[in-house]
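Next comes coords08.cif, a file with mmCIF, C-alpha atoms and all ligand atoms.
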data_start
#
loop_
_atom_site.label_atom_id
_atom_site.label_comp_id
_atom_site.auth_asym_id
_atom_site.auth_seq_id
_atom_site.Cartn_x
_atom_site.Cartn_y
_atom_site.Cartn_z
CA MET A 598 0.00 0.00 0.00
CA SER A 599 1.35 3.40 -0.92
CA HIS A 600 1.22 6.12 1.72
CA THR A 601 2.01 8.89 -0.74
CA THR A 602 -0.68 10.14 -3.06
CA THR A 603 0.96 13.49 -3.88
CA SER A 604 4.63 14.12 -4.44
CA PRO A 605 6.10 16.18 -1.58
CA GLU A 606 7.21 18.92 -4.02
CA GLU A 607 3.73 19.21 -5.49
CA LYS A 608 2.07 19.29 -2.08
CA ASN A 609 4.60 21.68 -0.61
CA ALA A 610 4.33 24.40 -3.24
CA ILE A 611 2.50 27.40 -1.81
CA VAL A 612 -0.62 28.20 -3.81
CA GLY A 613 -1.85 31.80 -3.92
CA GLY A 614 -5.39 32.45 -2.70
CA THR A 615 -5.26 29.49 -0.30
CA LEU A 616 -5.80 29.38 3.46
CA TYR A 617 -3.37 27.01 5.23
CA LEU A 618 -4.42 25.72 8.65
CA VAL A 619 -1.03 25.30 10.28
CA SER A 620 -0.92 23.24 13.47
CA THR A 621 1.68 24.41 15.96
CA PRO A 622 3.17 22.64 19.01
CA ILE A 623 1.20 22.44 22.26
CA GLY A 624 4.36 22.46 24.38
CA ASN A 625 7.32 21.01 22.54
CA LEU A 626 8.81 23.03 19.72
CA ALA A 627 10.26 19.89 18.12
CA ASP A 628 6.71 18.80 17.27
CA LEU A 629 6.44 21.42 14.52
CA SER A 630 6.49 19.67 11.15
CA GLU A 631 8.88 20.36 8.32
CA ARG A 632 5.98 21.33 6.09
CA ALA A 633 4.62 23.73 8.72
CA ILE A 634 7.99 25.51 8.77
CA LYS A 635 8.02 25.73 4.98
CA VAL A 636 4.48 27.06 4.76
CA LEU A 637 5.07 29.60 7.55
CA SER A 638 8.22 30.79 5.75
CA GLU A 639 6.57 31.20 2.36
CA VAL A 640 2.98 32.40 2.77
CA ASP A 641 2.17 36.05 2.08
CA PHE A 642 0.94 36.57 5.62
CA VAL A 643 0.22 34.77 8.88
CA ALA A 644 -3.08 35.23 10.73
CA ALA A 645 -2.53 34.37 14.40
CA GLU A 646 -4.85 34.00 17.37
CA ASP A 647 -2.07 35.38 19.55
CA THR A 648 0.50 37.36 17.57
CA ARG A 649 2.92 37.38 20.52
CA ASN A 650 2.95 33.58 20.82
CA THR A 651 3.13 32.93 17.08
CA GLY A 652 5.66 35.78 16.74
CA LYS A 653 7.91 34.04 19.29
CA LEU A 654 7.55 30.76 17.41
CA LEU A 655 8.50 32.40 14.10
CA ALA A 656 11.43 34.19 15.76
CA CYS A 657 12.71 30.85 17.13
CA LEU A 658 12.64 29.50 13.58
CA GLY A 659 14.26 32.61 12.11
CA ILE A 660 11.12 33.28 10.04
CA SER A 661 9.88 36.77 9.35
CA ARG A 662 6.45 37.11 7.69
CA PRO A 663 3.81 39.83 7.92
CA MET A 664 1.39 38.95 10.71
CA LEU A 665 -2.06 40.04 11.73
CA SER A 666 -4.22 39.07 14.65
CA TYR A 667 -7.38 37.01 14.26
CA TYR A 668 -9.08 36.15 17.53
CA GLU A 669 -12.48 35.82 19.15
CA HIS A 670 -13.03 39.53 19.73
CA ASN A 671 -11.94 40.84 16.31
CA LYS A 672 -13.00 37.93 14.09
CA ARG A 673 -16.11 39.73 12.78
CA GLU A 674 -14.12 42.58 11.20
CA ARG A 675 -10.89 40.68 10.61
CA GLY A 676 -12.44 37.61 8.94
CA PRO A 677 -13.80 39.50 5.89
CA GLN A 678 -10.48 41.41 5.57
CA ILE A 679 -8.57 38.11 5.40
CA ILE A 680 -11.12 36.81 2.86
CA GLN A 681 -10.54 39.89 0.66
CA ARG A 682 -6.80 39.26 0.66
CA LEU A 683 -7.29 35.58 -0.16
CA LEU A 684 -9.65 36.51 -3.02
CA ALA A 685 -6.98 38.92 -4.28
CA GLY A 686 -4.56 35.97 -4.52
CA ASP A 687 -2.57 36.16 -1.26
CA SER A 688 -1.78 32.97 0.63
CA CYS A 689 -2.42 32.92 4.37
CA ALA A 690 -1.31 30.61 7.19
CA LEU A 691 -3.73 30.48 10.12
CA CYS A 692 -2.22 29.60 13.52
CA SER A 693 -4.12 29.23 16.76
CA ASP A 694 -2.60 29.91 20.14
CA ALA A 695 -1.34 26.32 20.07
CA GLY A 696 -2.40 23.10 18.42
CA THR A 697 -4.78 22.68 15.52
CA PRO A 698 -6.56 25.81 14.28
CA ALA A 699 -10.38 25.60 14.31
CA ILE A 700 -10.50 23.36 17.40
CA SER A 701 -12.01 25.47 20.21
CA ASP A 702 -10.83 28.69 18.57
CA PRO A 703 -12.27 31.12 15.97
CA GLY A 704 -10.51 29.31 13.10
CA GLU A 705 -13.78 27.50 12.42
CA ASP A 706 -15.44 30.81 11.43
CA LEU A 707 -12.69 31.65 8.95
CA VAL A 708 -12.90 28.20 7.36
CA SER A 709 -16.66 28.61 7.09
CA LEU A 710 -16.24 32.01 5.35
CA CYS A 711 -13.76 30.42 2.94
CA ALA A 712 -16.19 27.58 2.24
CA GLN A 713 -18.96 30.10 1.47
CA ARG A 714 -16.72 32.00 -0.95
CA GLY A 715 -15.19 28.94 -2.61
CA ILE A 716 -11.70 29.76 -1.30
CA PRO A 717 -9.40 26.71 -1.08
CA VAL A 718 -8.45 25.65 2.45
CA THR A 719 -5.83 23.04 3.16
CA SER A 720 -4.34 21.61 6.31
CA VAL A 721 -0.83 21.25 7.63
CA PRO A 722 -1.75 18.79 10.38
CA GLY A 723 0.02 18.34 13.66
CA CYS A 724 -0.60 18.54 17.39
CA CYS A 725 -4.06 18.67 18.87
CA ALA A 726 -4.38 18.55 22.66
CA ALA A 727 -7.69 16.62 22.44
CA ILE A 728 -6.35 13.69 20.43
CA THR A 729 -3.04 13.63 22.30
CA ALA A 730 -4.92 13.31 25.59
CA LEU A 731 -7.44 10.77 24.32
CA THR A 732 -4.74 8.43 23.08
CA LEU A 733 -2.85 8.63 26.39
CA SER A 734 -5.91 8.26 28.61
CA GLY A 735 -6.16 4.48 28.68
CA LEU A 736 -9.92 4.85 28.11
CA SER A 737 -11.80 3.58 25.09
CA THR A 738 -10.93 5.35 21.85
CA ALA A 739 -13.40 3.35 19.76
CA ARG A 740 -16.03 6.10 19.97
CA PHE A 741 -15.40 9.55 21.36
CA CYS A 742 -16.97 12.98 21.34
CA PHE A 743 -15.27 16.33 21.67
CA GLU A 744 -17.04 18.62 24.13
CA GLY A 745 -14.43 21.41 24.26
CA PHE A 746 -15.06 23.89 27.09
CA LEU A 747 -18.35 23.44 28.95
CA PRO A 748 -20.56 26.55 28.67
CA VAL A 749 -20.01 29.04 31.50
CA GLU A 750 -23.57 30.35 31.58
CA LYS A 751 -25.54 28.36 34.19
CA SER A 752 -28.57 27.24 32.20
CA LYS A 753 -26.57 26.34 29.08
CA ARG A 754 -24.10 24.46 31.25
CA ARG A 755 -26.87 22.49 32.95
CA GLU A 756 -28.41 21.66 29.59
CA ARG A 757 -25.07 20.44 28.20
CA LEU A 758 -24.38 18.34 31.29
CA GLU A 759 -27.81 16.76 30.97
CA GLN A 760 -27.01 15.87 27.36
CA LEU A 761 -23.91 14.07 28.61
CA THR A 762 -25.87 11.88 31.04
CA TYR A 763 -26.59 9.21 28.46
CA ASN A 764 -23.46 9.64 26.40
CA THR A 765 -21.89 6.23 25.91
CA ALA A 766 -18.84 7.52 23.98
CA THR A 767 -15.63 8.70 25.67
CA MET A 768 -15.79 12.46 26.28
CA ILE A 769 -13.00 14.98 25.72
CA LEU A 770 -13.18 18.30 27.55
CA TYR A 771 -10.83 21.28 27.73
CA GLU A 772 -10.50 23.22 30.97
CA ALA A 773 -8.51 26.09 32.45
CA PRO A 774 -6.83 25.30 35.79
CA HIS A 775 -8.83 27.86 37.81
CA LYS A 776 -12.11 26.31 36.65
CA LEU A 777 -11.08 22.67 36.98
CA ARG A 778 -12.57 22.02 40.42
CA ALA A 779 -15.98 23.42 39.50
CA THR A 780 -16.04 21.39 36.30
CA LEU A 781 -15.09 18.18 38.12
CA ASP A 782 -17.86 18.82 40.66
CA ASP A 783 -20.45 19.39 37.93
CA LEU A 784 -19.36 16.32 35.97
CA ALA A 785 -19.39 14.11 39.09
CA SER A 786 -22.85 15.24 40.13
CA THR A 787 -24.15 14.48 36.64
CA LEU A 788 -22.23 11.31 35.79
CA GLY A 789 -21.42 9.95 39.26
CA VAL A 790 -18.21 9.97 41.30
CA ASP A 791 -17.26 6.48 40.14
CA ARG A 792 -16.99 7.40 36.46
CA PRO A 793 -13.46 6.64 35.19
CA ALA A 794 -11.55 9.68 34.00
CA ALA A 795 -8.04 10.74 33.00
CA LEU A 796 -6.74 14.22 33.72
CA CYS A 797 -4.08 14.98 31.12
CA ARG A 798 -1.90 17.89 32.13
CA GLU A 799 0.90 19.83 30.45
CA LEU A 800 0.99 17.50 27.45
CA THR A 801 4.31 17.30 25.60
CA LYS A 802 5.88 19.59 28.26
CA ARG A 803 8.42 18.72 30.95
CA ASN A 804 5.70 18.23 33.58
CA GLU A 805 3.40 16.12 31.43
CA GLU A 806 1.16 14.00 33.62
CA ILE A 807 -1.67 11.56 32.97
CA PHE A 808 -3.71 11.05 36.14
CA ARG A 809 -5.91 8.00 35.55
CA THR A 810 -8.62 8.00 38.17
CA THR A 811 -12.36 8.55 38.65
CA LEU A 812 -14.24 11.85 38.84
CA GLY A 813 -14.42 11.35 42.62
CA GLY A 814 -10.68 10.57 42.80
CA ALA A 815 -9.85 13.76 40.91
CA ILE A 816 -12.08 15.82 43.22
CA GLU A 817 -10.32 14.34 46.26
CA ARG A 818 -6.86 15.15 44.88
CA TYR A 819 -7.68 18.75 44.06
CA LYS A 820 -9.22 19.39 47.48
CA THR A 821 -5.68 19.76 48.79
CA GLU A 822 -3.70 20.56 45.67
CA ALA A 823 -4.08 23.58 43.40
CA PRO A 824 -4.63 22.62 39.74
CA ARG A 825 -1.67 23.85 37.72
CA GLY A 826 -1.06 24.04 33.97
CA GLU A 827 -3.26 23.18 31.04
CA TYR A 828 -5.69 20.28 31.27
CA VAL A 829 -7.63 18.00 29.00
CA LEU A 830 -10.21 15.85 30.77
CA ILE A 831 -11.05 12.49 29.30
CA VAL A 832 -14.18 10.95 30.81
CA ALA A 833 -15.40 7.42 30.11
CA GLY A 834 -18.77 7.10 28.44
CA GLY A 835 -21.65 5.73 30.48
CA SER A 836 -22.99 2.22 30.18
CA GLN A 837 -26.55 3.36 29.65
CA SER A 838 -27.86 4.95 26.51
CA ALA A 839 -30.86 7.30 26.56
CA PRO A 840 -33.98 5.52 27.84
CA THR A 841 -36.52 4.53 25.27
CA SER A 842 -40.04 5.78 25.82
CA ALA A 843 -41.00 2.19 26.80
CA GLU A 844 -38.35 2.22 29.55
CA ARG A 845 -39.53 5.62 30.74
CA THR A 846 -43.12 4.44 30.81
CA GLU A 847 -42.08 1.38 32.81
CA ARG A 848 -40.28 3.58 35.35
CA MET A 849 -43.40 5.63 35.83
CA THR A 850 -44.94 2.53 37.43
CA LEU A 851 -42.26 2.58 40.16
CA SER A 852 -43.00 4.09 43.56
CA PRO A 853 -41.22 7.42 44.25
CA LYS A 854 -38.72 5.55 46.47
CA GLU A 855 -38.01 2.90 43.83
CA HIS A 856 -37.69 5.57 41.16
CA VAL A 857 -35.02 7.46 43.16
CA ALA A 858 -33.27 4.17 44.00
CA TYR A 859 -33.13 3.38 40.30
CA TYR A 860 -31.25 6.61 39.57
CA GLU A 861 -28.94 6.06 42.55
CA SER A 862 -28.08 2.65 41.07
CA THR A 863 -26.84 4.43 37.90
CA GLY A 864 -24.14 6.18 39.98
CA LEU A 865 -25.93 9.45 40.79
CA GLY A 866 -25.78 10.89 44.29
CA ARG A 867 -29.01 11.12 46.36
CA MET A 868 -29.80 14.74 45.43
CA ASP A 869 -29.20 14.23 41.72
CA ALA A 870 -31.20 11.00 41.74
CA ILE A 871 -34.13 12.88 43.27
CA LYS A 872 -33.76 15.63 40.67
CA ALA A 873 -33.70 13.11 37.81
CA ALA A 874 -36.69 11.14 39.12
CA ALA A 875 -38.72 14.32 39.69
CA LYS A 876 -37.97 15.48 36.17
CA GLU A 877 -39.05 12.16 34.71
CA ARG A 878 -42.26 12.15 36.76
CA GLY A 879 -42.94 15.70 35.61
CA ILE A 880 -43.24 17.03 39.18
CA PRO A 881 -41.22 19.61 41.17
CA LYS A 882 -38.38 18.28 43.33
CA ASN A 883 -40.14 19.44 46.51
CA GLU A 884 -43.23 17.46 45.61
CA LEU A 885 -41.13 14.32 45.19
CA TYR A 886 -39.50 14.98 48.60
CA ARG A 887 -42.97 15.24 50.09
CA GLN A 888 -44.01 11.93 48.50
CA LEU A 889 -40.80 10.25 49.71
CA ASN A 890 -41.49 11.41 53.26
CA LEU A 891 -45.07 10.10 53.10
CA GLN A 892 -43.74 6.74 51.91
CA LYS A 893 -41.38 6.37 54.90
N1 LIG B 901 -6.59 24.38 19.11
C1 LIG B 901 -6.03 23.76 20.30
C2 LIG B 901 -5.78 22.28 20.05
O1 LIG B 901 -5.69 21.84 18.94
O2 LIG B 901 -5.63 21.54 21.01
C3 LIG B 901 -6.86 24.00 21.52
C4 LIG B 901 -7.10 25.43 21.87
S1 LIG B 901 -8.00 25.64 23.32
C5 LIG B 901 -8.28 27.37 23.22
C6 LIG B 901 -6.83 25.56 24.61
C7 LIG B 901 -7.07 24.38 25.53
O3 LIG B 901 -6.43 23.22 24.98
C8 LIG B 901 -6.47 24.55 26.91
O4 LIG B 901 -7.33 25.25 27.78
C9 LIG B 901 -6.29 23.11 27.36
O5 LIG B 901 -7.52 22.57 27.80
C10 LIG B 901 -5.93 22.43 26.03
N2 LIG B 901 -4.46 22.35 25.89
C11 LIG B 901 -3.68 23.04 25.03
N3 LIG B 901 -2.39 22.67 25.19
C12 LIG B 901 -2.35 21.74 26.16
C13 LIG B 901 -1.30 20.97 26.78
N4 LIG B 901 -0.04 21.10 26.42
N5 LIG B 901 -1.65 20.10 27.75
C14 LIG B 901 -2.94 19.94 28.14
N6 LIG B 901 -3.95 20.66 27.59
C15 LIG B 901 -3.67 21.53 26.62
#
Transcribe the structure of this file into structure tokens.
Ligand code: SAM
Amino acid sequence: MSHTTTSPEEKNAIVGGTLYLVSTPIGNLADLSERAIKVLSEVDFVAAEDTRNTGKLLACLGISRPMLSYYEHNKRERGPQIIQRLLAGDSCALCSDAGTPAISDPGEDLVSLCAQRGIPVTSVPGCCAAITALTLSGLSTARFCFEGFLPVEKSKRRERLEQLTYNTATMILYEAPHKLRATLDDLASTLGVDRPAALCRELTKRNEEIFRTTLGGAIERYKTEAPRGEYVLIVAGGSQSAPTSAERTERMTLSPKEHVAYYESTGLGRMDAIKAAAKERGIPKNELYRQLNLQK
């Protein structure tokens, strides 16, 4: 079987009017590919999520190319400007802060604009924190879903967590160190403290660490230790898929006590089991408490 479908020379020639998604290292400079260096050296300009970071990278490589910033808070004005330059025939390399552009960064909007305008986009693949963590986690890689950062806004966060309840695929989440504890708490109260997880920290850096544990184990550790560095959380999928309407109907025949016990048996804590049972019965939590007390 041949692994080469395009000659390196052909593939490496910079084509005007093309957007290059250039993956950059997530911690180890040596992970930058030869092709990435060539593209960064030869494009007309580099659009960077963080011009200081990418500027440092280019300086390390002895590369000097015109650079402009493209990040969350200027993407609306900057995106169309980049598109105009691409339409005029310039080539552009897009770099995110680190890793693969368009994964949890505004690169996806630029690619979408290019797709709408028929502008060629090609990839110079390389590091991605999500895949690096997943492959090191020791958890199943057969089916996985990328969740990125959980929403910060309360109701959206709750909704997303609820969607994860019946997720049977391995989950990949990004998190900043100062928010790690809150995210672990929210995940544990939704998925149960016993759910296997791997906390992948400082990947490809000197202090790289893969902490294979459970959500409860991670919570315990970070009660006494401050989370430090960048994290990817890999969480095992659940064993139960979303209930069918027949299963839900059958549960409605359970007594309030049995209904709560059922949810506790799935790994939820008492409070969350009550919340889940109340929701399924279509009654407020307080009403279910009242019924549980009457049943005592
Ligand atoms: N586009 C990037 C990629 O391909 O991985 C991700 C960008 S996202 C804004 C940044 C998040 O990626 C961090 O908050 C952290 O969760 C994760 N991350 C990036 N580098 C990492 C590293 N070396 N170790 C662990 N997590 C990392």
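One distance worth recording is that between atom CA of A:Glu759 and atom CA of A:Tyr771, which is 17.9 Å.
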(message) Let me see if you get this right: every residue at most 9 Å from ligand LIG 901 (chain B), counting all atoms listed in the file, written as a PyMOL selection string.
(response) chain A and resi 620-625+692-702+704+723-730+745-746+770-774+796-802+805-806+826-830
(request) Find the residue from A:Met768, A:Ala794, A:Thr615, A:Thr762 that sits nearest to A:Cys711; use all atoms listed in the file when measuring. (result) A:Thr615
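Across the model, the gap from atom CA of A:Ile634 to atom CA of A:Gly659 is 10.0 Å.
Note that the spacing between atom CA of A:Arg662 and atom CA of A:Asp641 amounts to 7.1 Å.
With all atoms listed in the file taken into account, the protein and nucleic acid residues at most 7 Å from A:Ala795 (excluding it and anything under 4 positions from it in its own chain) are A:Ser734, A:Ile807, A:Phe808, A:Arg809, A:Thr810, A:Leu830, A:Ile831, A:Val832.
Comparing A:Ser688, A:Thr850, A:Thr732, A:Thr811 by their smallest distance to A:Asp782, the closest is A:Thr811 (using only C-alpha atoms).
Closest approach to A:Ala833 from the set A:Leu885, A:Cys742, A:Ala815, A:Leu851 is made by A:Cys742, with distances taken over all atoms listed in the file.
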(message) Measuring between all atoms listed in the file, which one of A:Lys635, A:Arg792, A:Arg755, A:Arg845 shows the shortest distance to A:Ala610?
(response) A:Lys635
(message) Report as a PyMOL selection string all protein, DNA and RNA residues lying within 8 Å of stretch 667-682 of chain A, evaluated on only C-alpha atoms, omitting residues in the same chain fewer than 4 positions from it.
(response) chain A and resi 614+644-647+686-687+702-703+706-707+710-711
Would you output that residue set with C-alpha atoms, as a compact mmCIF listing (two decimals), keeping the file's coordinate frame?
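What ended up in selection.txt:
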# COMPACT_ATOMS: atom_id res chain seq x y z
CA GLY A 614 -5.39 32.45 -2.70
CA ALA A 644 -3.08 35.23 10.73
CA ALA A 645 -2.53 34.37 14.40
CA GLU A 646 -4.85 34.00 17.37
CA ASP A 647 -2.07 35.38 19.55
CA GLY A 686 -4.56 35.97 -4.52
CA ASP A 687 -2.57 36.16 -1.26
CA ASP A 702 -10.83 28.69 18.57
CA PRO A 703 -12.27 31.12 15.97
CA ASP A 706 -15.44 30.81 11.43
CA LEU A 707 -12.69 31.65 8.95
CA LEU A 710 -16.24 32.01 5.35
CA CYS A 711 -13.76 30.42 2.94
Box centre and edge lengths (Å, one decimal), axis-aligned, stretch 778-787 of chain A plus 5 Å each side, as AutoDock Vina command-line options:
--center_x -18.4 --center_y 18.8 --center_z 38.3 --size_x 21.6 --size_y 19.3 --size_z 14.7
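Using all atoms listed in the file, the nearest neighbour of A:Thr719 within the list A:Leu658, A:Ala779, A:Cys689, A:Leu865 is A:Cys689.
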(message) Counting only C-alpha atoms, which residue out of A:Leu616, A:Ile660, A:Thr651, A:Pro881 sits closest to A:Gly715?
(response) A:Leu616
(request) Show which residues sit within 8 Å of A:His856, as a PyMOL selection string. Count only C-alpha atoms, and ignore same-chain residues fewer than 6 positions away. (result) chain A and resi 848-849+874
(message) I'd like the contact shell of A:Ser737 - 7 Å cut-off, all atoms listed in the file, skipping same-chain residues fewer than 2 positions apart - returned as a count of residues only.
(response) 3
Pull out stretch 654-664 of chain A, keep all heavy atoms, and write it as an mmCIF file, in the first residue's frame.
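So the final result, stored in decode.cif, reads:
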data_model
loop_
_atom_site.group_PDB
_atom_site.id
_atom_site.type_symbol
_atom_site.label_atom_id
_atom_site.label_comp_id
_atom_site.auth_asym_id
_atom_site.auth_seq_id
_atom_site.Cartn_x
_atom_site.Cartn_y
_atom_site.Cartn_z
ATOM 1 N N LEU A 654 7.286 32.005 18.133
ATOM 2 C CA LEU A 654 7.548 30.755 17.409
ATOM 3 C C LEU A 654 8.312 31.054 16.122
ATOM 4 O O LEU A 654 9.333 30.412 15.824
ATOM 5 C CB LEU A 654 6.213 30.055 17.100
ATOM 6 C CG LEU A 654 6.281 28.786 16.276
ATOM 7 C CD1 LEU A 654 6.857 27.647 17.100
ATOM 8 C CD2 LEU A 654 4.888 28.386 15.768
ATOM 9 N N LEU A 655 7.836 32.060 15.361
ATOM 10 C CA LEU A 655 8.495 32.397 14.097
ATOM 11 C C LEU A 655 9.921 32.881 14.362
ATOM 12 O O LEU A 655 10.850 32.528 13.634
ATOM 13 C CB LEU A 655 7.693 33.472 13.337
ATOM 14 C CG LEU A 655 6.278 33.076 12.867
ATOM 15 C CD1 LEU A 655 5.679 34.153 11.975
ATOM 16 C CD2 LEU A 655 6.268 31.748 12.128
ATOM 17 N N ALA A 656 10.084 33.670 15.436
ATOM 18 C CA ALA A 656 11.431 34.187 15.755
ATOM 19 C C ALA A 656 12.384 33.031 16.057
ATOM 20 O O ALA A 656 13.529 33.021 15.606
ATOM 21 C CB ALA A 656 11.341 35.154 16.927
ATOM 22 N N CYS A 657 11.887 32.032 16.811
ATOM 23 C CA CYS A 657 12.714 30.851 17.133
ATOM 24 C C CYS A 657 13.183 30.159 15.855
ATOM 25 O O CYS A 657 14.248 29.549 15.815
ATOM 26 C CB CYS A 657 11.904 29.825 17.907
ATOM 27 S SG CYS A 657 11.807 30.151 19.627
ATOM 28 N N LEU A 658 12.328 30.202 14.831
ATOM 29 C CA LEU A 658 12.636 29.495 13.584
ATOM 30 C C LEU A 658 13.392 30.398 12.603
ATOM 31 O O LEU A 658 13.716 29.978 11.491
ATOM 32 C CB LEU A 658 11.333 29.018 12.927
ATOM 33 C CG LEU A 658 10.474 28.053 13.746
ATOM 34 C CD1 LEU A 658 9.067 27.965 13.182
ATOM 35 C CD2 LEU A 658 11.122 26.666 13.766
ATOM 36 N N GLY A 659 13.582 31.647 12.998
ATOM 37 C CA GLY A 659 14.258 32.607 12.115
ATOM 38 C C GLY A 659 13.381 33.004 10.937
ATOM 39 O O GLY A 659 13.880 33.337 9.858
ATOM 40 N N ILE A 660 12.044 32.941 11.135
ATOM 41 C CA ILE A 660 11.121 33.276 10.040
ATOM 42 C C ILE A 660 10.554 34.676 10.279
ATOM 43 O O ILE A 660 10.159 35.009 11.397
ATOM 44 C CB ILE A 660 9.940 32.260 10.000
ATOM 45 C CG1 ILE A 660 10.453 30.850 9.690
ATOM 46 C CG2 ILE A 660 8.882 32.695 8.993
ATOM 47 C CD1 ILE A 660 9.377 29.772 9.792
ATOM 48 N N SER A 661 10.490 35.446 9.218
ATOM 49 C CA SER A 661 9.876 36.769 9.349
ATOM 50 C C SER A 661 8.819 36.929 8.253
ATOM 51 O O SER A 661 9.153 36.989 7.066
ATOM 52 C CB SER A 661 10.965 37.837 9.225
ATOM 53 O OG SER A 661 10.364 39.080 9.013
ATOM 54 N N ARG A 662 7.545 36.919 8.646
ATOM 55 C CA ARG A 662 6.449 37.114 7.686
ATOM 56 C C ARG A 662 5.499 38.151 8.264
ATOM 57 O O ARG A 662 5.363 38.261 9.496
ATOM 58 C CB ARG A 662 5.631 35.802 7.477
ATOM 59 C CG ARG A 662 6.316 34.604 6.903
ATOM 60 C CD ARG A 662 7.148 34.868 5.675
ATOM 61 N NE ARG A 662 6.455 35.416 4.528
ATOM 62 C CZ ARG A 662 6.992 36.308 3.675
ATOM 63 N NH1 ARG A 662 8.203 36.776 3.869
ATOM 64 N NH2 ARG A 662 6.307 36.737 2.644
ATOM 65 N N PRO A 663 4.797 38.884 7.390
ATOM 66 C CA PRO A 663 3.808 39.834 7.915
ATOM 67 C C PRO A 663 2.750 39.064 8.704
ATOM 68 O O PRO A 663 2.343 37.970 8.308
ATOM 69 C CB PRO A 663 3.199 40.453 6.652
ATOM 70 C CG PRO A 663 4.163 40.169 5.553
ATOM 71 C CD PRO A 663 4.882 38.902 5.917
ATOM 72 N N MET A 664 2.343 39.661 9.840
ATOM 73 C CA MET A 664 1.392 38.950 10.712
ATOM 74 C C MET A 664 0.219 39.843 11.046
ATOM 75 O O MET A 664 0.392 41.058 11.179
ATOM 76 C CB MET A 664 2.109 38.578 12.007
ATOM 77 C CG MET A 664 2.030 37.115 12.269
ATOM 78 S SD MET A 664 2.477 36.615 13.908
ATOM 79 C CE MET A 664 3.884 37.534 14.269
#
